[in-house]
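The data block below is input_12.csv; it holds CSV, C-alpha atoms and all ligand atoms.
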```csv
chain,number,residue,atom,x,y,z
A,1,MET,CA,99.3,122.0,113.0
A,2,SER,CA,98.2,121.0,109.5
A,3,ASP,CA,94.6,120.2,108.9
A,4,GLU,CA,95.4,116.5,108.2
A,5,ASP,CA,96.6,116.2,111.8
A,6,THR,CA,93.3,117.4,113.2
A,7,LEU,CA,91.5,114.4,114.5
A,8,ARG,CA,88.0,114.2,112.9
A,9,LEU,CA,85.5,111.5,113.7
A,10,PRO,CA,84.3,109.1,111.0
A,11,ALA,CA,80.9,110.7,110.9
A,12,ASP,CA,82.0,114.3,111.0
A,13,PRO,CA,81.0,116.3,107.9
A,14,LEU,CA,83.5,116.2,105.1
A,15,PRO,CA,85.3,119.4,104.1
A,16,ASP,CA,83.9,121.1,100.9
A,17,GLY,CA,84.5,119.1,97.8
A,18,CYS,CA,85.8,115.9,99.6
A,19,ILE,CA,84.2,112.6,98.5
A,20,LEU,CA,85.5,110.4,101.3
A,21,ARG,CA,87.7,110.3,104.4
A,22,LEU,CA,91.0,108.5,104.7
A,23,TYR,CA,92.6,107.6,108.0
A,24,SER,CA,96.3,107.5,107.3
A,25,MET,CA,99.7,108.1,108.8
A,26,ARG,CA,102.3,110.1,107.0
A,27,MET,CA,105.0,107.5,106.9
A,28,CYS,CA,102.8,104.4,106.3
A,29,PRO,CA,103.4,102.6,103.0
A,30,TYR,CA,100.1,100.8,103.3
A,31,ALA,CA,98.2,104.0,103.6
A,32,GLN,CA,100.3,105.3,100.7
A,33,ARG,CA,98.8,102.6,98.5
A,34,ALA,CA,95.4,104.1,99.1
A,35,ARG,CA,96.7,107.6,98.6
A,36,LEU,CA,98.3,106.7,95.3
A,37,VAL,CA,95.1,105.3,93.9
A,38,LEU,CA,93.1,108.2,95.1
A,39,SER,CA,95.5,110.6,93.6
A,40,ALA,CA,95.7,108.8,90.3
A,41,LYS,CA,91.9,109.1,90.1
A,42,ASN,CA,92.0,112.8,91.1
A,43,ILE,CA,89.7,112.2,94.0
A,44,LYS,CA,89.6,114.9,96.6
A,45,TYR,CA,89.4,113.4,100.0
A,46,ASP,CA,89.8,114.3,103.7
A,47,ARG,CA,93.1,112.9,105.0
A,48,ILE,CA,93.5,112.4,108.7
A,49,ASN,CA,96.8,111.2,110.2
A,50,ILE,CA,96.3,109.0,113.2
A,51,ASP,CA,98.9,109.0,115.9
A,52,LEU,CA,99.2,105.2,116.2
A,53,ASN,CA,100.8,105.6,119.7
A,54,ASN,CA,97.6,107.3,120.8
A,55,LYS,CA,94.7,105.7,119.0
A,56,PRO,CA,91.3,106.8,120.1
A,57,ASN,CA,89.0,103.9,121.1
A,58,TRP,CA,86.6,104.5,118.3
A,59,PHE,CA,89.4,103.7,115.8
A,60,PHE,CA,89.0,100.0,116.6
A,61,ASP,CA,85.4,100.2,115.6
A,62,ILE,CA,86.3,101.2,112.1
A,63,ASN,CA,89.2,98.8,112.0
A,64,PRO,CA,89.4,96.1,114.7
A,65,ASN,CA,93.1,95.7,113.8
A,66,GLY,CA,93.8,99.3,114.8
A,67,GLU,CA,95.7,99.9,111.6
A,68,VAL,CA,95.7,102.5,108.9
A,69,PRO,CA,94.6,102.9,106.2
A,70,VAL,CA,90.8,103.1,106.7
A,71,ILE,CA,88.5,104.6,104.2
A,72,ILE,CA,85.1,106.0,105.2
A,73,HIS,CA,82.8,106.4,102.3
A,74,ASN,CA,79.1,106.9,102.3
A,75,GLY,CA,79.0,105.9,106.0
A,76,GLN,CA,80.9,102.6,105.4
A,77,ASN,CA,84.3,101.7,106.7
A,78,ILE,CA,86.8,99.9,104.5
A,79,TYR,CA,90.2,98.7,105.7
A,80,GLN,CA,93.3,96.7,104.7
A,81,SER,CA,95.3,98.6,102.1
A,82,LEU,CA,94.8,96.2,99.1
A,83,ILE,CA,91.0,96.1,99.8
A,84,CYS,CA,90.9,99.9,100.2
A,85,ALA,CA,92.7,100.3,96.9
A,86,GLU,CA,90.5,97.8,95.1
A,87,TYR,CA,87.4,99.5,96.6
A,88,VAL,CA,88.5,102.9,95.2
A,89,GLU,CA,89.2,101.2,91.8
A,90,GLU,CA,85.7,99.8,91.7
A,91,ALA,CA,83.8,102.7,93.3
A,92,PHE,CA,85.5,105.2,91.1
A,93,PRO,CA,86.2,103.4,87.8
A,94,THR,CA,87.8,106.2,85.8
A,95,PRO,CA,90.6,106.3,85.0
A,96,GLN,CA,90.8,102.5,85.3
A,97,LEU,CA,94.0,101.4,86.9
A,98,TYR,CA,93.7,97.6,86.5
A,99,THR,CA,94.2,96.1,83.1
A,100,THR,CA,90.9,94.7,81.7
A,101,ASP,CA,92.2,91.5,80.2
A,102,PRO,CA,91.7,88.7,82.8
A,103,VAL,CA,95.1,87.2,82.3
A,104,SER,CA,96.9,90.5,82.6
A,105,ARG,CA,94.9,91.4,85.6
A,106,ALA,CA,95.7,88.0,87.3
A,107,TRP,CA,99.4,88.7,86.6
A,108,GLU,CA,99.1,92.1,88.1
A,109,LYS,CA,97.8,90.4,91.3
A,110,ILE,CA,100.6,87.8,91.2
A,111,TYR,CA,103.2,90.6,90.9
A,112,TYR,CA,102.0,92.7,93.9
A,113,ASN,CA,101.1,89.7,95.9
A,114,HIS,CA,104.7,88.5,95.5
A,115,TRP,CA,105.9,91.7,96.9
A,116,ASN,CA,103.3,91.7,99.6
A,117,SER,CA,104.0,88.2,100.9
A,118,LYS,CA,107.8,88.0,100.3
A,119,GLY,CA,109.1,91.5,99.7
A,120,ASN,CA,107.5,93.3,102.7
A,121,PRO,CA,108.7,90.8,105.3
A,122,ALA,CA,112.2,90.8,103.8
A,123,PHE,CA,112.2,94.6,103.7
A,124,TYR,CA,111.3,95.0,107.3
A,125,SER,CA,113.5,92.2,108.6
A,126,LEU,CA,116.5,93.8,107.0
A,127,MET,CA,115.6,97.3,108.1
A,128,LEU,CA,115.2,96.2,111.7
A,129,THR,CA,118.7,94.7,111.7
A,130,GLY,CA,120.0,98.3,111.1
A,131,CYS,CA,123.1,96.8,109.3
A,132,LEU,CA,124.0,94.9,106.1
A,133,ASP,CA,123.0,91.6,107.7
A,134,PRO,CA,124.1,89.0,105.2
A,135,VAL,CA,121.1,86.7,105.7
A,136,GLN,CA,118.5,89.4,105.5
A,137,SER,CA,120.2,91.2,102.6
A,138,LYS,CA,120.2,88.0,100.6
A,139,ARG,CA,116.6,87.5,101.4
A,140,LEU,CA,115.7,90.9,100.1
A,141,THR,CA,117.9,90.4,97.0
A,142,GLU,CA,116.1,87.2,96.2
A,143,VAL,CA,112.8,88.9,96.2
A,144,LEU,CA,114.1,91.7,94.0
A,145,GLU,CA,115.5,89.1,91.6
A,146,VAL,CA,112.0,87.7,91.2
A,147,MET,CA,110.6,91.3,90.8
A,148,GLU,CA,113.2,91.9,88.1
A,149,GLY,CA,112.4,88.6,86.5
A,150,PHE,CA,108.7,89.6,86.2
A,151,LEU,CA,109.6,92.7,84.2
A,152,LYS,CA,112.0,90.7,82.0
A,153,VAL,CA,109.5,88.0,81.2
A,154,SER,CA,106.6,90.4,80.5
A,155,GLY,CA,108.9,92.7,78.5
A,156,LYS,CA,106.7,95.6,79.6
A,157,PRO,CA,107.8,98.8,81.3
A,158,TYR,CA,105.3,98.5,84.2
A,159,TYR,CA,103.9,95.8,86.3
A,160,SER,CA,100.5,96.9,84.9
A,161,GLY,CA,101.8,96.5,81.3
A,162,ASP,CA,102.3,99.4,78.9
A,163,ARG,CA,101.2,102.0,81.3
A,164,ILE,CA,101.4,102.6,85.0
A,165,GLY,CA,98.5,101.0,86.9
A,166,PHE,CA,97.2,99.1,89.9
A,167,ALA,CA,100.1,96.7,90.4
A,168,ASP,CA,102.7,99.4,90.2
A,169,TYR,CA,101.0,101.6,92.8
A,170,MET,CA,100.6,98.6,95.2
A,171,THR,CA,104.3,97.9,95.0
A,172,TRP,CA,105.8,101.3,94.8
A,173,PRO,CA,105.8,102.6,98.4
A,174,TRP,CA,108.6,100.2,99.5
A,175,PHE,CA,110.7,101.1,96.5
A,176,GLU,CA,110.4,104.8,97.4
A,177,ARG,CA,111.8,103.7,100.8
A,178,MET,CA,114.9,101.9,99.3
A,179,PRO,CA,117.2,105.0,99.6
A,180,MET,CA,116.2,105.1,103.3
A,181,MET,CA,117.1,101.4,103.5
A,182,GLY,CA,120.5,102.4,102.0
A,183,GLU,CA,121.0,105.1,104.7
A,184,ILE,CA,120.0,102.8,107.6
A,185,THR,CA,121.6,99.4,106.5
A,186,GLY,CA,123.9,100.2,103.6
A,187,TYR,CA,121.8,98.0,101.3
A,188,GLU,CA,121.7,99.1,97.7
A,189,MET,CA,119.5,98.0,94.8
A,190,LYS,CA,122.3,98.1,92.3
A,191,LYS,CA,121.5,99.2,88.7
A,192,GLU,CA,123.9,96.5,87.3
A,193,GLU,CA,122.0,93.7,89.2
A,194,PHE,CA,118.5,95.2,88.7
A,195,PRO,CA,118.5,97.2,85.4
A,196,LEU,CA,114.8,96.7,84.7
A,197,LEU,CA,113.7,97.5,88.3
A,198,THR,CA,116.0,100.6,88.3
A,199,ALA,CA,114.4,101.8,85.0
A,200,TRP,CA,111.0,101.1,86.5
A,201,VAL,CA,111.8,103.2,89.5
A,202,ASP,CA,113.0,106.1,87.2
A,203,ARG,CA,109.8,105.8,85.2
A,204,MET,CA,107.6,105.7,88.4
A,205,TRP,CA,109.2,109.0,89.5
A,206,LYS,CA,107.7,110.7,86.5
A,207,ASP,CA,104.1,109.8,87.5
A,208,PRO,CA,102.0,112.7,88.9
A,209,ALA,CA,100.4,110.5,91.6
A,210,VAL,CA,103.8,109.2,92.7
A,211,LEU,CA,105.0,112.8,92.9
A,212,ASP,CA,101.8,113.9,94.7
A,213,CYS,CA,102.3,111.2,97.4
A,214,LYS,CA,106.1,111.6,97.7
A,215,ILE,CA,107.5,111.6,101.2
A,216,ASP,CA,110.6,113.5,102.1
A,217,LYS,CA,113.6,111.1,102.3
A,218,GLN,CA,115.0,112.6,105.5
A,219,LEU,CA,111.6,112.0,107.2
A,220,PHE,CA,111.9,108.4,106.2
A,221,VAL,CA,115.4,108.1,107.7
A,222,ASP,CA,114.3,109.8,110.9
A,223,HIS,CA,111.1,107.8,111.1
A,224,TYR,CA,112.6,104.3,110.5
A,225,SER,CA,115.6,105.0,112.7
A,226,LYS,CA,113.2,105.5,115.6
A,227,TYR,CA,110.9,102.7,114.4
A,228,ARG,CA,113.7,100.1,114.5
A,229,THR,CA,114.5,101.0,118.1
A,230,GLY,CA,110.9,100.1,119.0
A,231,LYS,CA,110.0,103.8,119.8
A,232,PRO,CA,108.3,105.1,116.6
A,233,ASP,CA,107.0,108.6,116.5
A,234,PHE,CA,103.9,108.5,114.4
A,235,THR,CA,103.4,112.2,114.5
A,236,ILE,CA,106.7,112.8,112.6
A,237,GLY,CA,106.3,115.5,110.0
A,238,ALA,CA,103.3,117.1,111.8
A,239,LYS,CA,103.8,120.7,112.7
A,240,LYS,CA,103.5,119.9,116.4
A,241,SER,CA,103.9,116.6,118.1
A,242,LYS,CA,100.6,116.6,120.1
A,243,VAL,CA,98.1,116.0,117.3
A,244,ILE,CA,95.0,115.2,119.4
A,245,ASP,CA,93.3,118.3,120.6
A,246,GLU,CA,90.4,116.7,122.2
A,247,PRO,CA,90.4,114.7,125.4
A,248,LEU,CA,90.2,111.0,124.4
A,249,GLU,CA,87.2,110.3,126.7
A,250,ASN,CA,85.1,112.6,124.5
A,251,LEU,CA,85.8,110.5,121.5
A,252,ASP,CA,84.7,107.1,122.9
A,253,GLY,CA,81.1,107.2,121.8
A,254,LEU,CA,81.7,105.1,118.8
A,255,ARG,CA,82.8,102.1,120.9
A,256,ASP,CA,79.2,101.3,121.4
A,257,PRO,CA,77.9,99.8,118.1
A,258,SER,CA,74.6,101.6,118.5
A,259,THR,CA,76.4,104.9,118.3
A,260,ARG,CA,78.7,103.9,115.5
A,261,PHE,CA,79.4,106.7,113.1
A,262,ARG,CA,77.5,109.1,115.4
A,263,LYS,CA,79.0,111.8,117.5
A,264,THR,CA,78.8,111.7,121.2
A,265,GLU,CA,77.2,114.6,123.0
A,266,ASN,CA,80.5,115.9,124.2
A,267,SER,CA,82.3,115.7,120.9
A,268,THR,CA,82.5,118.8,118.7
A,301,LIG,N1,97.9,94.6,106.4
A,301,LIG,C1,97.6,95.9,106.7
A,301,LIG,C2,98.8,96.5,107.3
A,301,LIG,C3,98.6,98.0,107.7
A,301,LIG,C4,99.7,98.4,108.7
A,301,LIG,O1,100.5,97.7,109.2
A,301,LIG,N2,99.6,99.7,109.1
A,301,LIG,C5,100.5,100.2,110.1
A,301,LIG,C6,101.1,101.5,109.9
A,301,LIG,S1,102.3,101.5,108.5
A,301,LIG,C7,99.6,100.4,111.4
A,301,LIG,O2,98.6,101.0,111.3
A,301,LIG,N3,100.0,99.9,112.5
A,301,LIG,C8,99.3,99.9,113.7
A,301,LIG,C9,100.2,100.2,114.9
A,301,LIG,O3,101.4,100.4,114.8
A,301,LIG,O4,99.6,100.2,116.0
A,301,LIG,C10,97.2,96.7,105.4
A,301,LIG,O5,97.6,96.2,104.3
A,301,LIG,O6,96.5,97.7,105.5
```

For the structure just supplied, provide its representation as C-alpha cells.
Amino acid sequence: MSDEDTLRLPADPLPDGCILRLYSMRMCPYAQRARLVLSAKNIKYDRINIDLNNKPNWFFDINPNGEVPVIIHNGQNIYQSLICAEYVEEAFPTPQLYTTDPVSRAWEKIYYNHWNSKGNPAFYSLMLTGCLDPVQSKRLTEVLEVMEGFLKVSGKPYYSGDRIGFADYMTWPWFERMPMMGEITGYEMKKEEFPLLTAWVDRMWKDPAVLDCKIDKQLFVDHYSKYRTGKPDFTIGAKKSKVIDEPLENLDGLRDPSTRFRKTENST
C-alpha cells in the first residue's frame, strides 16, 4: 500500500518537509486542480486518498459535502476545488499563477467558469451515456467551440495569457480525460474542428506540473467504466483495495466539534 493510501487524520503530524495535507482521490479531476497548483508552486504536501465509498465520519467535519479535495493547513480546513486552488495561490504567492492585470484575471475566471458551469456537466452527461449520444455529443461540442473561441479571440497560447497559469490548471483535468472519453463513448475532439484547443493540449503536456499530476490513461478508462455503471471503485490504482487500516469507530472523535482536529484516545 502506498503512503498516500494510509488514512491519516487532519490533526496528525505532517511528514517531514510537508507544508500542508491534501485529502484527495487518485482519479478526481477536482482534486487534480489542487494538485496542479501545489505542484506548480513546488509545495511539498501530504496527499491522502480517501475511499469515497468508505468515508470516515470525521471527513464530514472537514467538508460537510463529503467531497475531495480538502486542504488542511495550519489547522484550518479549506474545501471546494476552486477555493482550494485560490487559497494556495494566495497563501503561497510565488510563482504567481494568476495574471496580475485585473481585466486579464477577470477573463481567466470567465474561461474556467465557463468550463466549470457548462463543460463539466456536458462532459459527465456524455460519459454516462457510454455511447456517442447525439444530443450529449452536440452539447459537449458546443462548449468546446466556446473554449476554442476564447483562445481565438485572445490570440494567446494559454487561457492565462502568454504563459501557463491559473485558468489553464483549473480547466486541464477534463482535457486530460478526453482520450478516456474517446475510449468509452467514441467522442473525439478533432484537430480540424478545434485546432487551437488541440495546440493548447499539446502545449499543456510539456508543463512539469501537468506531467507531475498525470494519471495513467488505462486507469481512467477502468475507473470511468465502473463509475458509469454506478459502482465506482475509488481505491483504483492503490496497491491494495482495502485502504483503511483502522476500524472506523476509532476515527469518529472529530464528529464532535469540541474534538475537532484532535485525535481520539483510541486513534494512533
Ligand atoms: N464542487 C466540488 C466537487 C468535488 C467532487 O465532486 N469530488 C468528488 C470526487 S471527483 C467527490 O468527492 N465525491 C464524493 C462522493 O462521491 O461521495 C469541488 O469543486 O471541489

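The residue that comes closest to ligand LIG 301 (chain A), out of A:Trp200, A:Phe92, A:Tyr112, A:Trp107 and on the basis of all atoms listed in the file, is A:Tyr112.
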
With ligand LIG 301 (chain A) as the partner and 6 Å as the cut-off, tabulate the residues of chain A that qualify, each row holding the nearest pair of atoms and their distance in Å to one decimal, using all atoms listed in the file, sorted by chain and rising number, as CSV.
```
residue,atom,partner,partner_atom,distance
A:Cys28,CA,A:LIG301,S1,3.7
A:Pro29,CA,A:LIG301,S1,5.7
A:Tyr30,CA,A:LIG301,O6,5.2
A:Leu52,CA,A:LIG301,O4,5.0
A:Gly66,CA,A:LIG301,C8,5.6
A:Glu67,CA,A:LIG301,O2,3.1
A:Val68,CA,A:LIG301,O2,4.1
A:Pro69,CA,A:LIG301,O6,5.6
A:Gln80,CA,A:LIG301,O6,3.4
A:Ser81,CA,A:LIG301,O6,3.7
A:Leu82,CA,A:LIG301,O5,5.9
```

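Residue nearest Leu9 in chain A within the list A:Leu151, A:Ile72, A:Leu196, A:Ala31: A:Ile72 [criterion: smallest interatomic distance, only C-alpha atoms].
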
Residues within 10 Å of range 115-126 of chain A, please, as a ChimeraX atom specification. Count only C-alpha atoms; anything in the same chain fewer than 3 positions from it doesn't count. /A:82,109-112,129-144,146-147,170-172,174-175,177-178,181,184-185,187,224,228

Have a look at A:Ser154, A:Asn77, A:Thr6, A:Asn63 and name the one nearest to Asp46 in chain A; count all atoms listed in the file.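 Of all the options, A:Thr6 lies closest to Asp46 in chain A.
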
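Compared by their closest atoms to Asp5 in chain A, and using only C-alpha atoms, the residues A:Ile19, A:Leu211, A:Ile43, A:Ile48 rank with A:Ile48 nearest.
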
With 6 Å as the threshold, what does the neighbourhood of (93.7, 110.6, 108.5) contain in terms of residues, counting all atoms listed in the file? Coordinates are those of the file; answer as a PyMOL selection string. chain A and resi 22-24+47-50

Interatomic distance, CA of Ser160 in chain A to CA of Pro173 in chain A (Å, one decimal):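 These atoms are spaced 15.6 Å apart.
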
Using only C-alpha atoms, find the one residue out of A:Thr235, A:Asn53, A:Thr99, A:Gln76 that sits nearest to Tyr159 in chain A. A:Thr99

Determine the nearest neighbour of Glu148 in chain A from the options A:Tyr169, A:Phe194, A:Tyr227, A:Phe60, counting only C-alpha atoms.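 So, comparing all the options, the nearest one is A:Phe194.
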
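The space between CA of His73 in chain A and CA of Asn113 in chain A spans 25.6 Å.
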
For Ala91 in chain A, list every protein, DNA or RNA residue within 12 Å, evaluated using only C-alpha atoms, and leave out those in the same chain fewer than 3 positions away; present the list as a PyMOL selection string. chain A and resi 19-20+37-38+41+43+73-74+78+83-88+94-96

How many Å separate CA of Asp51 in chain A from CA of Asp12 in chain A? 18.4 Å

Write out as an mmCIF file with C-alpha atoms, in the coordinates of the input each polymer residue whose atoms come within 12 Å of Gly161 in chain A, counting only C-alpha atoms; drop sequence neighbours fewer than 5 positions from it.
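Saved as out_4.cif:
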```
data_model
loop_
_atom_site.group_PDB
_atom_site.id
_atom_site.type_symbol
_atom_site.label_atom_id
_atom_site.label_comp_id
_atom_site.auth_asym_id
_atom_site.auth_seq_id
_atom_site.Cartn_x
_atom_site.Cartn_y
_atom_site.Cartn_z
ATOM 1 C CA LEU A 97 94.000 101.400 86.900
ATOM 2 C CA TYR A 98 93.700 97.600 86.500
ATOM 3 C CA THR A 99 94.200 96.100 83.100
ATOM 4 C CA THR A 100 90.900 94.700 81.700
ATOM 5 C CA ASP A 101 92.200 91.500 80.200
ATOM 6 C CA VAL A 103 95.100 87.200 82.300
ATOM 7 C CA SER A 104 96.900 90.500 82.600
ATOM 8 C CA ARG A 105 94.900 91.400 85.600
ATOM 9 C CA TRP A 107 99.400 88.700 86.600
ATOM 10 C CA GLU A 108 99.100 92.100 88.100
ATOM 11 C CA TYR A 111 103.200 90.600 90.900
ATOM 12 C CA PHE A 150 108.700 89.600 86.200
ATOM 13 C CA LEU A 151 109.600 92.700 84.200
ATOM 14 C CA LYS A 152 112.000 90.700 82.000
ATOM 15 C CA VAL A 153 109.500 88.000 81.200
ATOM 16 C CA SER A 154 106.600 90.400 80.500
ATOM 17 C CA GLY A 155 108.900 92.700 78.500
ATOM 18 C CA LYS A 156 106.700 95.600 79.600
ATOM 19 C CA PHE A 166 97.200 99.100 89.900
ATOM 20 C CA ALA A 167 100.100 96.700 90.400
ATOM 21 C CA ASP A 168 102.700 99.400 90.200
ATOM 22 C CA TRP A 200 111.000 101.100 86.500
#
```
